[in-house]
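**Q** Can you read through this structure? Questions will come right after.
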Amino acid sequence: AFELRKEGYSYRKIRDKLKVPLSTLSDWFSGEEWSKKVRDKLTAAAQVESTIRIVELDKVRGEHLRRAYTEAKEEARQELETLKYNPLFIAGIMLYWGEGDKLTNGQTRLSNSDPALIKLYVEFLRKACRIPESKIKGSLLIYPDIEEQSNLRFWSFASGIPTSRFSKSVLIQGKHKTKRLRHGVCSVLVLSTYFKVKILEWMRLLPQELMNRAYYENISK
């Protein structure tokens, strides 16, 4: 097991080859600094591959597409081994769990009126998930009497998403004449079913990890 790990094998590949449980491998390697470097290298490589898949997925159809989504779940499980200790990743998953669209196929969408929340979520997409900049888009819900361009600039500055990647704003008629959201609501979108599959898998698995005693034992090592 140590020889395979030093050659750059992931825990899952070692488990499949030697039939050693993941929990046992974690006990063996979690305190080894050289193993952590292997983990970081594997995670970086996996994230690069994930970015490529997200960009290229539109070219895939039929049976290949279904196979790609199965791979997306497995990729999410592998990446979680490292990402589950990343505070930005944890925050992003919790934000999407509370505010994100879980039902629509083909896209992840989070909507909110708080600029700080939107900014944090975009950082999660960029830095934790390595989503390509061109894939991160925005849209606005605003009232008819609010000037669109000034609000567009406001949310572009708050989110870091260029105004060119915002779609046409949607006008809404508020029921109350005075209690209105000053800058409307901003939505952040990533149009990728592959990424949607991954984020839903992370949402399913991360709470289990956070409620697992072994998670905190590994942090203290």
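Lettering and numbering for the structure tokens are positional, with chains as A, B, ... in the shown order, residues counted from 1 in each chain, and ligands counted from 1 in the shown order.
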Quick one: residues within 10 Å of segment 105-117 of chain A, only C-alpha atoms counted, chain neighbours fewer than 3 positions away excluded, as a ChimeraX atom specification?

**A** /A:92,95-102,120-123,136-141,154-159,181-197,199-200

**Q** Could you pull out the alpha helix (DSSP H) residues of segment 47-165 of chain A from DSSP and send them as a ChimeraX atom specification?

**A** /A:47-56,62-83,87-99,115-123,148-159

**Q** Return as a PDB file with N, CA and C atoms, in the first residue's frame the full set of residues in segment 62-216 of chain A whose backbone-based DSSP assignment is strand (DSSP E or B).

**A**
```
ATOM      1  N   GLY A 100     -29.900  27.379  -3.483  1.00  0.00           N
ATOM      2  CA  GLY A 100     -29.756  26.979  -4.883  1.00  0.00           C
ATOM      3  C   GLY A 100     -30.933  26.198  -5.430  1.00  0.00           C
ATOM      4  N   THR A 108     -26.903  24.975 -12.647  1.00  0.00           N
ATOM      5  CA  THR A 108     -26.923  25.326 -11.232  1.00  0.00           C
ATOM      6  C   THR A 108     -27.244  26.808 -11.165  1.00  0.00           C
ATOM      7  N   ARG A 109     -28.174  27.162 -10.318  1.00  0.00           N
ATOM      8  CA  ARG A 109     -28.603  28.559 -10.189  1.00  0.00           C
ATOM      9  C   ARG A 109     -28.797  28.881  -8.712  1.00  0.00           C
ATOM     10  N   LEU A 110     -28.114  29.919  -8.262  1.00  0.00           N
ATOM     11  CA  LEU A 110     -28.307  30.422  -6.898  1.00  0.00           C
ATOM     12  C   LEU A 110     -28.731  31.880  -6.988  1.00  0.00           C
ATOM     13  N   SER A 111     -29.819  32.235  -6.294  1.00  0.00           N
ATOM     14  CA  SER A 111     -30.362  33.588  -6.345  1.00  0.00           C
ATOM     15  C   SER A 111     -30.436  34.180  -4.952  1.00  0.00           C
ATOM     16  N   ASN A 112     -30.056  35.468  -4.828  1.00  0.00           N
ATOM     17  CA  ASN A 112     -30.128  36.132  -3.530  1.00  0.00           C
ATOM     18  C   ASN A 112     -30.010  37.643  -3.726  1.00  0.00           C
ATOM     19  N   ILE A 136     -19.428  30.967 -15.915  1.00  0.00           N
ATOM     20  CA  ILE A 136     -20.112  31.614 -14.794  1.00  0.00           C
ATOM     21  C   ILE A 136     -20.857  32.840 -15.319  1.00  0.00           C
ATOM     22  N   LYS A 137     -22.180  32.800 -15.234  1.00  0.00           N
ATOM     23  CA  LYS A 137     -23.004  33.867 -15.801  1.00  0.00           C
ATOM     24  C   LYS A 137     -23.951  34.426 -14.738  1.00  0.00           C
ATOM     25  N   GLY A 138     -24.524  35.597 -15.036  1.00  0.00           N
ATOM     26  CA  GLY A 138     -25.430  36.236 -14.089  1.00  0.00           C
ATOM     27  C   GLY A 138     -26.725  36.688 -14.747  1.00  0.00           C
ATOM     28  N   SER A 139     -27.726  36.928 -13.925  1.00  0.00           N
ATOM     29  CA  SER A 139     -28.992  37.494 -14.395  1.00  0.00           C
ATOM     30  C   SER A 139     -29.621  38.254 -13.234  1.00  0.00           C
ATOM     31  N   LEU A 140     -30.516  39.210 -13.544  1.00  0.00           N
ATOM     32  CA  LEU A 140     -31.118  40.053 -12.518  1.00  0.00           C
ATOM     33  C   LEU A 140     -32.636  40.025 -12.593  1.00  0.00           C
ATOM     34  N   LEU A 141     -33.256  40.099 -11.410  1.00  0.00           N
ATOM     35  CA  LEU A 141     -34.684  40.388 -11.276  1.00  0.00           C
ATOM     36  C   LEU A 141     -34.782  41.781 -10.678  1.00  0.00           C
ATOM     37  N   ILE A 142     -35.411  42.717 -11.391  1.00  0.00           N
ATOM     38  CA  ILE A 142     -35.493  44.094 -10.899  1.00  0.00           C
ATOM     39  C   ILE A 142     -36.905  44.629 -11.100  1.00  0.00           C
ATOM     40  N   PHE A 166     -23.936  38.868 -18.212  1.00  0.00           N
ATOM     41  CA  PHE A 166     -25.281  38.937 -17.635  1.00  0.00           C
ATOM     42  C   PHE A 166     -26.302  38.883 -18.763  1.00  0.00           C
ATOM     43  N   VAL A 170     -34.856  40.524 -15.932  1.00  0.00           N
ATOM     44  CA  VAL A 170     -36.284  40.209 -15.888  1.00  0.00           C
ATOM     45  C   VAL A 170     -36.962  41.204 -14.966  1.00  0.00           C
ATOM     46  N   LEU A 171     -38.029  41.840 -15.437  1.00  0.00           N
ATOM     47  CA  LEU A 171     -38.757  42.828 -14.640  1.00  0.00           C
ATOM     48  C   LEU A 171     -39.831  42.134 -13.817  1.00  0.00           C
ATOM     49  N   VAL A 185     -32.744  41.198  -7.293  1.00  0.00           N
ATOM     50  CA  VAL A 185     -32.185  39.888  -6.951  1.00  0.00           C
ATOM     51  C   VAL A 185     -31.208  39.467  -8.048  1.00  0.00           C
ATOM     52  N   CYS A 186     -30.042  38.979  -7.627  1.00  0.00           N
ATOM     53  CA  CYS A 186     -29.038  38.496  -8.573  1.00  0.00           C
ATOM     54  C   CYS A 186     -29.020  36.970  -8.562  1.00  0.00           C
ATOM     55  N   SER A 187     -28.959  36.392  -9.745  1.00  0.00           N
ATOM     56  CA  SER A 187     -28.813  34.943  -9.893  1.00  0.00           C
ATOM     57  C   SER A 187     -27.469  34.646 -10.545  1.00  0.00           C
ATOM     58  N   VAL A 188     -26.780  33.630 -10.037  1.00  0.00           N
ATOM     59  CA  VAL A 188     -25.514  33.171 -10.618  1.00  0.00           C
ATOM     60  C   VAL A 188     -25.757  31.787 -11.202  1.00  0.00           C
ATOM     61  N   LEU A 189     -25.397  31.613 -12.476  1.00  0.00           N
ATOM     62  CA  LEU A 189     -25.692  30.369 -13.178  1.00  0.00           C
ATOM     63  C   LEU A 189     -24.431  29.727 -13.745  1.00  0.00           C
ATOM     64  N   VAL A 190     -24.433  28.395 -13.740  1.00  0.00           N
ATOM     65  CA  VAL A 190     -23.458  27.618 -14.494  1.00  0.00           C
ATOM     66  C   VAL A 190     -24.268  26.620 -15.310  1.00  0.00           C
TER      67      VAL A 190
END
```

**Q** Looking at A:Ala45, A:Leu25, A:Ile161, A:Ile172, which one is nearest to Glu133 of chain A, with distances taken over only C-alpha atoms?

**A**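 The answer is A:Ile161, which sits nearest to Glu133 of chain A.
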
**Q** Would you list the contacts of Ala76 of chain A as a PyMOL selection string, taking every protein, DNA or RNA residue within 10 Å and counting only C-alpha atoms, but skipping same-chain residues closer than 5 positions in sequence?

**A** chain A and resi 46-47+50+71+81+83+195+197-202+205
